>>> print(open('structure.cif').read())   # mmCIF, C-alpha atoms
data_data
loop_
_atom_site.group_PDB
_atom_site.id
_atom_site.type_symbol
_atom_site.label_atom_id
_atom_site.label_comp_id
_atom_site.auth_asym_id
_atom_site.auth_seq_id
_atom_site.Cartn_x
_atom_site.Cartn_y
_atom_site.Cartn_z
ATOM 1 C CA MET X 186 -86.438 50.210 -3.274
ATOM 2 C CA PRO X 187 -84.064 52.288 -1.125
ATOM 3 C CA SER X 188 -80.489 51.423 -0.260
ATOM 4 C CA ALA X 189 -79.326 51.939 3.311
ATOM 5 C CA MET X 190 -76.102 52.409 5.249
ATOM 6 C CA HIS X 191 -76.241 51.671 8.972
ATOM 7 C CA PHE X 192 -73.861 53.624 11.217
ATOM 8 C CA ARG X 193 -72.338 52.796 14.559
ATOM 9 C CA GLU X 194 -71.017 55.511 16.863
ATOM 10 C CA ALA X 195 -67.474 54.904 15.610
ATOM 11 C CA ASP X 196 -68.602 55.488 12.012
ATOM 12 C CA LEU X 197 -69.771 59.001 12.856
ATOM 13 C CA LEU X 198 -66.180 59.849 13.823
ATOM 14 C CA ARG X 199 -64.813 58.503 10.531
ATOM 15 C CA ILE X 200 -66.662 60.560 7.944
ATOM 16 C CA ARG X 201 -64.192 62.085 5.520
ATOM 17 C CA PHE X 202 -64.099 63.716 2.097
ATOM 18 C CA ALA X 203 -61.909 62.951 -0.905
ATOM 19 C CA VAL X 204 -61.362 64.093 -4.491
ATOM 20 C CA SER X 205 -60.629 61.494 -7.168
ATOM 21 C CA PRO X 206 -59.346 62.114 -10.709
ATOM 22 C CA LEU X 207 -59.930 58.413 -11.516
ATOM 23 C CA TRP X 208 -63.567 58.624 -10.431
ATOM 24 C CA GLU X 209 -64.089 61.732 -12.570
ATOM 25 C CA THR X 210 -62.539 59.910 -15.541
ATOM 26 C CA HIS X 211 -64.840 56.922 -14.999
ATOM 27 C CA GLU X 212 -67.892 59.180 -14.800
ATOM 28 C CA ALA X 213 -66.778 61.311 -17.779
ATOM 29 C CA VAL X 214 -66.677 58.129 -19.897
ATOM 30 C CA ARG X 215 -70.159 57.229 -18.661
ATOM 31 C CA THR X 216 -71.429 60.749 -19.370
ATOM 32 C CA LEU X 217 -70.513 60.442 -23.069
ATOM 33 C CA LYS X 218 -73.192 57.711 -23.367
ATOM 34 C CA ARG X 219 -75.760 59.393 -21.114
ATOM 35 C CA PRO X 220 -77.674 62.228 -22.863
ATOM 36 C CA ASP X 221 -79.520 62.958 -19.611
ATOM 37 C CA ARG X 222 -76.172 64.108 -18.154
ATOM 38 C CA HIS X 223 -75.223 66.385 -21.046
ATOM 39 C CA GLY X 224 -77.104 69.552 -20.061
ATOM 40 C CA TYR X 225 -74.477 71.113 -17.813
ATOM 41 C CA HIS X 226 -71.553 69.858 -19.908
ATOM 42 C CA LEU X 227 -72.288 70.979 -23.481
ATOM 43 C CA PRO X 228 -69.231 73.287 -23.752
ATOM 44 C CA TRP X 229 -66.992 70.452 -22.547
ATOM 45 C CA LEU X 230 -68.604 67.984 -24.946
ATOM 46 C CA ALA X 231 -68.018 70.377 -27.848
ATOM 47 C CA ARG X 232 -64.355 70.762 -26.923
ATOM 48 C CA ILE X 233 -63.576 67.063 -26.596
ATOM 49 C CA ARG X 234 -65.844 65.664 -29.329
ATOM 50 C CA ARG X 235 -63.182 65.217 -32.015
ATOM 51 C CA ASP X 236 -60.544 63.684 -29.726
ATOM 52 C CA ALA X 237 -63.110 61.540 -27.876
ATOM 53 C CA ALA X 238 -64.222 59.987 -31.182
ATOM 54 C CA ARG X 239 -60.748 58.445 -31.503
ATOM 55 C CA LEU X 240 -60.976 56.648 -28.146
ATOM 56 C CA ASP X 241 -62.017 52.995 -27.981
ATOM 57 C CA LEU X 242 -64.340 53.010 -24.986
ATOM 58 C CA SER X 243 -66.527 50.054 -25.996
ATOM 59 C CA ALA X 244 -65.234 47.657 -23.308
ATOM 60 C CA LEU X 245 -65.658 50.279 -20.582
ATOM 61 C CA TRP X 246 -69.193 51.100 -21.737
ATOM 62 C CA LEU X 247 -70.072 47.394 -21.707
ATOM 63 C CA LEU X 248 -69.321 47.431 -17.966
ATOM 64 C CA MET X 249 -71.413 50.555 -17.302
ATOM 65 C CA PRO X 250 -75.027 49.342 -17.302
ATOM 66 C CA ARG X 251 -77.724 52.009 -17.265
ATOM 67 C CA ARG X 252 -79.035 50.408 -14.083
ATOM 68 C CA GLY X 253 -77.183 47.937 -11.931
ATOM 69 C CA HIS X 254 -73.639 47.177 -10.876
ATOM 70 C CA ALA X 255 -70.497 48.727 -12.360
ATOM 71 C CA PRO X 256 -67.250 46.957 -11.389
ATOM 72 C CA ASP X 257 -65.890 48.493 -8.204
ATOM 73 C CA PHE X 258 -62.278 47.763 -9.170
ATOM 74 C CA LEU X 259 -62.539 50.124 -12.171
ATOM 75 C CA GLY X 260 -63.905 53.093 -10.230
ATOM 76 C CA PRO X 261 -63.118 52.383 -6.600
ATOM 77 C CA PRO X 262 -63.241 54.866 -3.745
ATOM 78 C CA PRO X 263 -60.020 56.922 -3.802
ATOM 79 C CA ILE X 264 -57.010 55.618 -1.915
ATOM 80 C CA GLY X 265 -56.454 58.997 -0.208
ATOM 81 C CA PRO X 266 -58.003 62.451 0.121
ATOM 82 C CA ALA X 267 -55.909 63.899 -2.720
ATOM 83 C CA ALA X 268 -54.395 60.956 -4.627
ATOM 84 C CA SER X 269 -53.057 61.547 -8.135
ATOM 85 C CA PHE X 270 -54.442 59.792 -11.182
ATOM 86 C CA GLY X 271 -51.183 57.850 -11.472
ATOM 87 C CA GLU X 272 -51.552 56.479 -7.950
ATOM 88 C CA GLU X 273 -55.173 55.539 -8.518
ATOM 89 C CA ILE X 274 -54.699 53.838 -11.892
ATOM 90 C CA ALA X 275 -51.817 51.839 -10.404
ATOM 91 C CA ALA X 276 -54.304 50.460 -7.864
ATOM 92 C CA VAL X 277 -56.634 49.450 -10.707
ATOM 93 C CA ARG X 278 -53.795 47.624 -12.471
ATOM 94 C CA ALA X 279 -53.031 45.766 -9.224
ATOM 95 C CA ALA X 280 -56.554 44.305 -8.988
ATOM 96 C CA ASP X 281 -56.840 40.587 -8.272
ATOM 97 C CA PRO X 282 -57.895 38.856 -11.537
ATOM 98 C CA GLU X 283 -60.344 36.418 -9.946
ATOM 99 C CA SER X 284 -62.043 39.152 -7.915
ATOM 100 C CA ALA X 285 -62.140 41.321 -11.040
ATOM 101 C CA ARG X 286 -63.723 38.477 -13.004
ATOM 102 C CA GLN X 287 -66.507 38.136 -10.433
ATOM 103 C CA ASP X 288 -66.983 41.911 -10.453
ATOM 104 C CA MET X 289 -67.217 41.999 -14.267
ATOM 105 C CA ALA X 290 -69.582 39.005 -14.381
ATOM 106 C CA TRP X 291 -71.942 40.756 -11.965
ATOM 107 C CA SER X 292 -71.846 43.902 -14.070
ATOM 108 C CA LEU X 293 -72.357 42.103 -17.404
ATOM 109 C CA ALA X 294 -75.371 40.270 -15.968
ATOM 110 C CA CYS X 295 -77.104 43.647 -15.571
ATOM 111 C CA THR X 296 -77.304 44.090 -19.373
ATOM 112 C CA PRO X 297 -79.189 41.365 -21.289
ATOM 113 C CA GLY X 298 -76.848 39.539 -23.645
ATOM 114 C CA ALA X 299 -73.676 41.338 -22.523
ATOM 115 C CA ALA X 300 -72.006 38.297 -20.940
ATOM 116 C CA GLU X 301 -72.653 36.207 -24.070
ATOM 117 C CA SER X 302 -71.354 38.853 -26.469
ATOM 118 C CA PRO X 303 -67.863 38.365 -27.983
ATOM 119 C CA ALA X 304 -66.508 41.285 -25.959
ATOM 120 C CA GLY X 305 -68.115 40.041 -22.752
ATOM 121 C CA ARG X 306 -66.786 36.510 -23.219
ATOM 122 C CA ALA X 307 -63.287 37.891 -23.867
ATOM 123 C CA LEU X 308 -63.350 39.910 -20.634
ATOM 124 C CA LEU X 309 -64.370 36.911 -18.555
ATOM 125 C CA ALA X 310 -62.057 34.426 -20.302
ATOM 126 C CA ASP X 311 -58.869 36.342 -19.448
ATOM 127 C CA PRO X 312 -59.491 38.721 -16.531
ATOM 128 C CA ALA X 313 -55.785 39.529 -16.079
ATOM 129 C CA ARG X 314 -55.602 40.769 -19.665
ATOM 130 C CA ALA X 315 -58.932 42.556 -19.209
ATOM 131 C CA ILE X 316 -57.573 44.494 -16.217
ATOM 132 C CA TYR X 317 -54.549 45.586 -18.257
ATOM 133 C CA GLU X 318 -56.606 46.673 -21.282
ATOM 134 C CA LEU X 319 -59.364 48.388 -19.280
ATOM 135 C CA ALA X 320 -56.773 50.333 -17.277
ATOM 136 C CA ASP X 321 -55.158 51.424 -20.549
ATOM 137 C CA ARG X 322 -58.529 52.646 -21.863
ATOM 138 C CA LEU X 323 -59.143 54.579 -18.631
ATOM 139 C CA GLU X 324 -55.705 56.175 -18.816
ATOM 140 C CA GLU X 325 -56.298 57.241 -22.429
ATOM 141 C CA ALA X 326 -59.673 58.679 -21.398
ATOM 142 C CA TRP X 327 -58.019 60.617 -18.552
ATOM 143 C CA HIS X 328 -55.555 62.282 -20.918
ATOM 144 C CA VAL X 329 -58.235 63.252 -23.449
ATOM 145 C CA LEU X 330 -61.376 63.922 -21.414
ATOM 146 C CA VAL X 331 -60.324 65.077 -17.959
ATOM 147 C CA GLU X 332 -56.653 65.998 -17.580
ATOM 148 C CA PRO X 333 -56.831 69.210 -19.704
ATOM 149 C CA GLU X 334 -59.684 70.436 -17.479
ATOM 150 C CA TRP X 335 -58.427 69.056 -14.170
ATOM 151 C CA PRO X 336 -57.313 72.388 -12.599
ATOM 152 C CA ARG X 337 -60.828 73.760 -13.121
ATOM 153 C CA LEU X 338 -62.537 70.545 -11.965
ATOM 154 C CA ARG X 339 -60.299 70.148 -8.929
ATOM 155 C CA THR X 340 -60.984 73.717 -7.850
ATOM 156 C CA LEU X 341 -64.738 73.127 -7.917
ATOM 157 C CA LEU X 342 -64.466 69.775 -6.124
ATOM 158 C CA GLU X 343 -62.202 71.164 -3.405
ATOM 159 C CA ALA X 344 -64.523 74.132 -2.958
ATOM 160 C CA ASP X 345 -67.366 71.671 -2.404
ATOM 161 C CA VAL X 346 -65.301 69.816 0.202
ATOM 162 C CA ALA X 347 -64.550 73.100 1.974
ATOM 163 C CA PHE X 348 -68.235 74.089 1.976
ATOM 164 C CA HIS X 349 -69.528 70.764 3.272
ATOM 165 C CA SER X 350 -66.756 70.450 5.851
ATOM 166 C CA ARG X 351 -67.948 73.760 7.287
ATOM 167 C CA ARG X 352 -71.549 72.562 7.030
ATOM 168 C CA LEU X 353 -70.690 69.442 9.017
ATOM 169 C CA ALA X 354 -69.021 71.584 11.680
ATOM 170 C CA ASP X 355 -71.944 74.044 11.810
ATOM 171 C CA THR X 356 -74.991 71.741 11.523
ATOM 172 C CA GLY X 357 -73.824 68.228 12.341
ATOM 173 C CA ILE X 358 -74.503 64.972 10.500
ATOM 174 C CA GLU X 359 -78.189 65.596 9.799
ATOM 175 C CA GLY X 360 -77.560 69.005 8.248
ATOM 176 C CA LEU X 361 -74.690 67.677 6.161
ATOM 177 C CA PHE X 362 -76.660 64.824 4.602
ATOM 178 C CA ALA X 363 -79.727 66.997 4.046
ATOM 179 C CA ASP X 364 -77.623 69.274 1.846
ATOM 180 C CA LEU X 365 -75.806 66.639 -0.245
ATOM 181 C CA HIS X 366 -78.678 65.365 -2.398
ATOM 182 C CA PRO X 367 -82.514 65.402 -2.254
ATOM 183 C CA ARG X 368 -82.680 61.593 -2.318
ATOM 184 C CA LEU X 369 -80.507 61.140 0.782
ATOM 185 C CA ARG X 370 -82.270 60.804 4.122
ATOM 186 C CA TRP X 371 -80.701 60.536 7.594
ATOM 187 C CA ALA X 372 -82.678 59.077 10.510
ATOM 188 C CA ASP X 373 -81.922 56.897 13.524
ATOM 189 C CA GLY X 374 -78.332 56.185 12.571
ATOM 190 C CA THR X 375 -79.155 55.138 9.001
ATOM 191 C CA LEU X 376 -78.414 56.946 5.750
ATOM 192 C CA THR X 377 -80.993 56.006 3.112
ATOM 193 C CA LEU X 378 -80.837 56.617 -0.627
ATOM 194 C CA GLU X 379 -84.374 56.715 -2.001
ATOM 195 C CA LYS X 380 -85.333 55.259 -5.410
ATOM 196 C CA SER X 381 -82.243 53.085 -5.524
ATOM 197 C CA SER X 382 -81.465 49.370 -5.689
ATOM 198 C CA ASP X 383 -82.192 47.342 -2.577
ATOM 199 C CA HIS X 384 -78.721 47.427 -1.007
ATOM 200 C CA VAL X 385 -77.934 47.332 2.712
ATOM 201 C CA ARG X 386 -74.478 47.990 4.171
ATOM 202 C CA HIS X 387 -73.436 47.948 7.815
ATOM 203 C CA LEU X 388 -70.429 50.233 8.105
ATOM 204 C CA ASP X 389 -69.106 48.390 11.187
ATOM 205 C CA GLY X 390 -66.601 51.065 12.133
ATOM 206 C CA GLN X 391 -65.167 51.667 8.645
ATOM 207 C CA GLY X 392 -66.777 55.101 8.487
ATOM 208 C CA LEU X 393 -67.967 56.759 5.289
ATOM 209 C CA MET X 394 -66.153 58.485 2.453
ATOM 210 C CA LEU X 395 -67.961 61.379 0.757
ATOM 211 C CA LEU X 396 -66.909 61.990 -2.827
ATOM 212 C CA PRO X 397 -68.079 65.125 -4.690
ATOM 213 C CA SER X 398 -68.274 64.571 -8.442
ATOM 214 C CA VAL X 399 -68.654 66.814 -11.468
ATOM 215 C CA PHE X 400 -69.838 64.211 -13.929
ATOM 216 C CA CYS X 401 -72.154 62.007 -11.850
ATOM 217 C CA TRP X 402 -74.986 64.597 -11.891
ATOM 218 C CA PRO X 403 -77.951 64.043 -11.532
ATOM 219 C CA ASP X 404 -77.163 60.750 -9.827
ATOM 220 C CA VAL X 405 -75.927 59.944 -6.358
ATOM 221 C CA VAL X 406 -73.956 56.701 -6.146
ATOM 222 C CA THR X 407 -73.615 54.281 -3.221
ATOM 223 C CA GLY X 408 -73.201 50.553 -2.833
ATOM 224 C CA PHE X 409 -69.474 49.814 -2.962
ATOM 225 C CA GLU X 410 -69.034 46.222 -1.816
ATOM 226 C CA PRO X 411 -66.443 44.972 0.706
ATOM 227 C CA PRO X 412 -63.500 45.285 0.875
ATOM 228 C CA TRP X 413 -64.031 48.770 -0.553
ATOM 229 C CA GLN X 414 -64.555 51.731 1.752
ATOM 230 C CA PRO X 415 -68.271 52.576 2.068
ATOM 231 C CA THR X 416 -68.708 55.647 -0.133
ATOM 232 C CA VAL X 417 -71.320 58.108 -1.337
ATOM 233 C CA ALA X 418 -70.526 59.984 -4.554
ATOM 234 C CA TYR X 419 -72.754 63.024 -5.043
ATOM 235 C CA PRO X 420 -72.990 65.967 -7.497
ATOM 236 C CA ALA X 421 -70.687 68.813 -6.508
ATOM 237 C CA ARG X 422 -72.039 72.290 -5.874
ATOM 238 C CA GLY X 423 -71.600 74.849 -8.634
ATOM 239 C CA ILE X 424 -71.540 72.631 -11.726
ATOM 240 C CA GLY X 425 -74.116 74.871 -13.421
ATOM 241 C CA ALA X 426 -71.445 77.539 -13.916
ATOM 242 C CA LEU X 427 -68.497 75.172 -14.312
ATOM 243 C CA TRP X 428 -67.861 75.705 -18.023
ATOM 244 C CA THR X 429 -68.794 79.384 -18.197
ATOM 245 C CA GLU X 430 -66.085 82.000 -18.096
ATOM 246 C CA PRO X 431 -66.490 84.608 -15.345
ATOM 247 C CA ALA X 432 -67.803 87.962 -16.462
ATOM 248 C CA ALA X 433 -65.565 90.998 -16.221
ATOM 249 C CA SER X 434 -67.505 92.445 -13.296
ATOM 250 C CA THR X 435 -64.809 93.887 -11.052
ATOM 251 C CA PRO X 436 -66.227 97.091 -9.555
ATOM 252 C CA ASP X 437 -64.382 100.182 -10.759
ATOM 253 C CA ALA X 438 -63.975 101.494 -7.224
ATOM 254 C CA LEU X 439 -62.403 98.229 -6.103
ATOM 255 C CA ALA X 440 -60.026 98.230 -9.096
ATOM 256 C CA ARG X 441 -58.934 101.789 -8.234
ATOM 257 C CA LEU X 442 -58.406 100.802 -4.607
ATOM 258 C CA LEU X 443 -56.473 97.568 -5.126
ATOM 259 C CA GLY X 444 -55.312 97.723 -8.718
ATOM 260 C CA PRO X 445 -57.145 95.931 -11.574
ATOM 261 C CA LYS X 446 -55.371 92.568 -11.384
ATOM 262 C CA ARG X 447 -55.391 92.309 -7.604
ATOM 263 C CA ALA X 448 -59.077 93.246 -7.555
ATOM 264 C CA SER X 449 -59.852 90.625 -10.203
ATOM 265 C CA VAL X 450 -58.167 87.961 -8.054
ATOM 266 C CA LEU X 451 -60.307 88.928 -5.066
ATOM 267 C CA VAL X 452 -63.511 88.991 -7.134
ATOM 268 C CA ALA X 453 -62.733 85.586 -8.698
ATOM 269 C CA LEU X 454 -62.742 83.894 -5.283
ATOM 270 C CA ASP X 455 -66.472 83.179 -5.150
ATOM 271 C CA GLU X 456 -65.404 79.720 -3.919
ATOM 272 C CA PRO X 457 -62.107 78.638 -2.326
ATOM 273 C CA ALA X 458 -59.419 78.149 -4.980
ATOM 274 C CA GLY X 459 -55.700 77.598 -5.383
ATOM 275 C CA THR X 460 -53.080 79.606 -7.241
ATOM 276 C CA SER X 461 -52.939 77.493 -10.406
ATOM 277 C CA ALA X 462 -56.716 77.397 -10.821
ATOM 278 C CA LEU X 463 -56.995 81.178 -10.404
ATOM 279 C CA ALA X 464 -54.157 81.738 -12.865
ATOM 280 C CA HIS X 465 -55.903 79.509 -15.413
ATOM 281 C CA ARG X 466 -59.245 81.244 -14.862
ATOM 282 C CA LEU X 467 -57.880 84.794 -15.085
ATOM 283 C CA GLY X 468 -55.232 84.261 -17.752
ATOM 284 C CA LEU X 469 -52.461 85.489 -15.459
ATOM 285 C CA ALA X 470 -49.051 84.038 -14.637
ATOM 286 C CA PRO X 471 -49.108 81.838 -11.503
ATOM 287 C CA SER X 472 -46.269 83.888 -9.999
ATOM 288 C CA SER X 473 -48.325 87.068 -10.431
ATOM 289 C CA VAL X 474 -51.425 85.491 -8.879
ATOM 290 C CA SER X 475 -49.353 84.144 -5.993
ATOM 291 C CA ALA X 476 -47.978 87.628 -5.265
ATOM 292 C CA HIS X 477 -51.478 89.168 -5.341
ATOM 293 C CA LEU X 478 -52.841 86.447 -3.041
ATOM 294 C CA SER X 479 -50.080 87.094 -0.512
ATOM 295 C CA VAL X 480 -50.820 90.827 -0.430
ATOM 296 C CA LEU X 481 -54.575 90.248 -0.118
ATOM 297 C CA ARG X 482 -54.039 87.773 2.706
ATOM 298 C CA ASP X 483 -51.657 90.110 4.540
ATOM 299 C CA ALA X 484 -54.255 92.860 4.226
ATOM 300 C CA GLY X 485 -56.859 90.666 5.948
ATOM 301 C CA LEU X 486 -59.005 90.155 2.823
ATOM 302 C CA LEU X 487 -58.251 86.424 2.426
ATOM 303 C CA THR X 488 -57.513 83.403 4.569
ATOM 304 C CA SER X 489 -55.648 80.312 3.429
ATOM 305 C CA ARG X 490 -55.549 76.655 4.411
ATOM 306 C CA ARG X 491 -53.807 73.592 3.085
ATOM 307 C CA TYR X 492 -55.796 70.828 1.386
ATOM 308 C CA GLY X 493 -53.694 67.902 0.169
ATOM 309 C CA HIS X 494 -50.899 69.319 -1.993
ATOM 310 C CA GLN X 495 -52.603 72.680 -2.468
ATOM 311 C CA VAL X 496 -53.187 75.875 -0.532
ATOM 312 C CA LEU X 497 -56.763 77.118 -0.930
ATOM 313 C CA TYR X 498 -57.670 80.803 -0.507
ATOM 314 C CA GLU X 499 -61.037 82.249 0.401
ATOM 315 C CA ARG X 500 -62.371 85.665 1.315
ATOM 316 C CA THR X 501 -62.644 86.891 4.869
ATOM 317 C CA PRO X 502 -65.764 88.838 5.914
ATOM 318 C CA LEU X 503 -63.881 92.046 5.025
ATOM 319 C CA GLY X 504 -63.036 90.641 1.578
ATOM 320 C CA ILE X 505 -66.668 89.632 1.043
ATOM 321 C CA ALA X 506 -67.819 93.119 2.021
ATOM 322 C CA LEU X 507 -65.415 94.772 -0.407
ATOM 323 C CA THR X 508 -66.482 92.621 -3.359
ATOM 324 C CA ALA X 509 -70.124 93.337 -2.584
ATOM 325 C CA THR X 510 -69.542 97.064 -3.024
ATOM 326 C CA GLN X 511 -71.443 98.323 -6.062
ATOM 327 C CA PRO X 512 -69.724 100.374 -8.756
ATOM 328 C CA GLY X 513 -69.932 104.053 -7.902
ATOM 329 C CA ALA X 514 -70.895 103.390 -4.292
#
>>> encode(input="structure.cif", output="structure tokens")
Amino acid sequence: MPSAMHFREADLLRIRFAVSPLWETHEAVRTLKRPDRHGYHLPWLARIRRDAARLDLSALWLLMPRRGHAPDFLGPPPIGPAASFGEEIAAVRAADPESARQDMAWSLACTPGAAESPAGRALLADPARAIYELADRLEEAWHVLVEPEWPRLRTLLEADVAFHSRRLADTGIEGLFADLHPRLRWADGTLTLEKSSDHVRHLDGQGLMLLPSVFCWPDVVTGFEPPWQPTVAYPARGIGALWTEPAASTPDALARLLGPKRASVLVALDEPAGTSALAHRLGLAPSSVSAHLSVLRDAGLLTSRRYGHQVLYERTPLGIALTATQPGA
């Protein structure tokens, strides 16, 4: 059965994007138990295997059924377009215990026997304590699974937001949704997710939050219940090359023209990125990368724009033309 979101005219004016470190942590924990998600993430899995084995994720996994409801209060839509993990986990800790209990009971009912298990009974018997302990487990998972990689992940997620924001401006709502995921369909003011649970949501002027995700691939996730913001989480563009290091492919002619390091900065900007992410990717000091970015922008090879707390850089048409020049041309 499909799920459906029905839009009013006001909802079309309230479509926005966000990036969420808490959501990525939630989905990273889920990915550890989902072999069908491992394909793109094998290098990451190899890096975190030893430290991940020391985490106690059993209570979180109990609330992540293979099919069905996961508690919204544990992985809610982000509270802002660029909220920090600290801000988001504080919102989890502030969850209402009775609402959390209902949320957990719904989730446990999706797995036969889960509610009657000792762990399930403990969660439901003391929801206030459960909130505290589950938030602690999520925070530990953040530090081990996601935080060390966050500059790289954030760069990819923000590049996806930049791409789809331009797509929305260029092609409108229909073109945007057609590009997000093959199972999403837009027609007659309704966004439908095919091969999903039978879930209907009238947005009623709340608008829609679009949330690119690294770890939710191959899934697309909808169905957040009131009072949560209606949200669609979808796989971000470019995850196939996320964990690969860029090849040293700076054209010799470009390196002679700009200098090797400045040329490598320009070549590395296949997608919009910020200073810290480029420094991490290229193994250069952030101050050095910042100086190169300023020169490239002043020369008309890059443009910049602010997103949240970051400034993202991307190539201008002239910058694209220069990086497309073949060695020896």
>>> residues_around(input="structure.cif", residues="Ala189 in chain X", least_positions_apart="4", cutoff="7 Å", atoms="only C-alpha atoms", output="CSV table (one decimal) with C-alpha atoms, in the coordinates of the input")
chain,number,residue,atom,x,y,z
X,375,THR,CA,-79.2,55.1,9.0
X,376,LEU,CA,-78.4,56.9,5.8
X,377,THR,CA,-81.0,56.0,3.1
X,378,LEU,CA,-80.8,56.6,-0.6
X,384,HIS,CA,-78.7,47.4,-1.0
X,385,VAL,CA,-77.9,47.3,2.7
X,386,ARG,CA,-74.5,48.0,4.2
>>> closest_residue(input="structure.cif", among="X:His223, X:Pro397, X:Pro412, X:Asp483", to="His366 in chain X", atoms="only C-alpha atoms")
X:Pro397
>>> resolve_selection(input="structure.cif", expression="the PyMOL selection byres ((chain X and resi 398-408) around 6)", output="list in words")
Glu212, Ala213, Pro397, Phe409, Thr416, Val417, Ala418, Tyr419, Pro420 and Ala421 of chain X
>>> write_last_selection(input="structure.cif", atoms="C-alpha atoms", output="mmCIF file, in the frame of the given file")
data_model
loop_
_atom_site.group_PDB
_atom_site.id
_atom_site.type_symbol
_atom_site.label_atom_id
_atom_site.label_comp_id
_atom_site.auth_asym_id
_atom_site.auth_seq_id
_atom_site.Cartn_x
_atom_site.Cartn_y
_atom_site.Cartn_z
ATOM 1 C CA GLU X 212 -67.892 59.180 -14.800
ATOM 2 C CA ALA X 213 -66.778 61.311 -17.779
ATOM 3 C CA PRO X 397 -68.079 65.125 -4.690
ATOM 4 C CA PHE X 409 -69.474 49.814 -2.962
ATOM 5 C CA THR X 416 -68.708 55.647 -0.133
ATOM 6 C CA VAL X 417 -71.320 58.108 -1.337
ATOM 7 C CA ALA X 418 -70.526 59.984 -4.554
ATOM 8 C CA TYR X 419 -72.754 63.024 -5.043
ATOM 9 C CA PRO X 420 -72.990 65.967 -7.497
ATOM 10 C CA ALA X 421 -70.687 68.813 -6.508
#
>>> resolve_selection(input="structure.cif", expression="the PyMOL selection byres ((chain X and resi 236) around 12)", output="list in words")
Trp229, Leu230, Ala231, Arg232, Ile233, Arg234, Arg235, Ala237, Ala238, Arg239, Leu240, Asp241, Glu325, Ala326, Trp327, His328, Val329, Leu330 and Val331 of chain X
>>> resolve_selection(input="structure.cif", expression="the PyMOL selection byres ((chain X and resi 463) around 10)", output="CSV table (one decimal) with C-alpha atoms, in the frame of the given file")
chain,number,residue,atom,x,y,z
X,336,PRO,CA,-57.3,72.4,-12.6
X,337,ARG,CA,-60.8,73.8,-13.1
X,340,THR,CA,-61.0,73.7,-7.8
X,449,SER,CA,-59.9,90.6,-10.2
X,450,VAL,CA,-58.2,88.0,-8.1
X,451,LEU,CA,-60.3,88.9,-5.1
X,453,ALA,CA,-62.7,85.6,-8.7
X,454,LEU,CA,-62.7,83.9,-5.3
X,457,PRO,CA,-62.1,78.6,-2.3
X,458,ALA,CA,-59.4,78.1,-5.0
X,459,GLY,CA,-55.7,77.6,-5.4
X,460,THR,CA,-53.1,79.6,-7.2
X,461,SER,CA,-52.9,77.5,-10.4
X,462,ALA,CA,-56.7,77.4,-10.8
X,464,ALA,CA,-54.2,81.7,-12.9
X,465,HIS,CA,-55.9,79.5,-15.4
X,466,ARG,CA,-59.2,81.2,-14.9
X,467,LEU,CA,-57.9,84.8,-15.1
X,468,GLY,CA,-55.2,84.3,-17.8
X,469,LEU,CA,-52.5,85.5,-15.5
X,470,ALA,CA,-49.1,84.0,-14.6
X,471,PRO,CA,-49.1,81.8,-11.5
X,474,VAL,CA,-51.4,85.5,-8.9
X,475,SER,CA,-49.4,84.1,-6.0
X,478,LEU,CA,-52.8,86.4,-3.0
X,498,TYR,CA,-57.7,80.8,-0.5
>>> closest_residue(input="structure.cif", among="X:Ala275, X:Tyr225, X:Pro411, X:Ala344", to="Leu497 in chain X", atoms="all atoms listed in the file")
X:Ala344
>>> atom_distance(input="structure.cif", atom1="CA of Gly423 in chain X", atom2="CA of Thr210 in chain X")
18.8 Å
>>> atom_distance(input="structure.cif", atom1="CA of Leu487 in chain X", atom2="CA of His349 in chain X")
19.3 Å
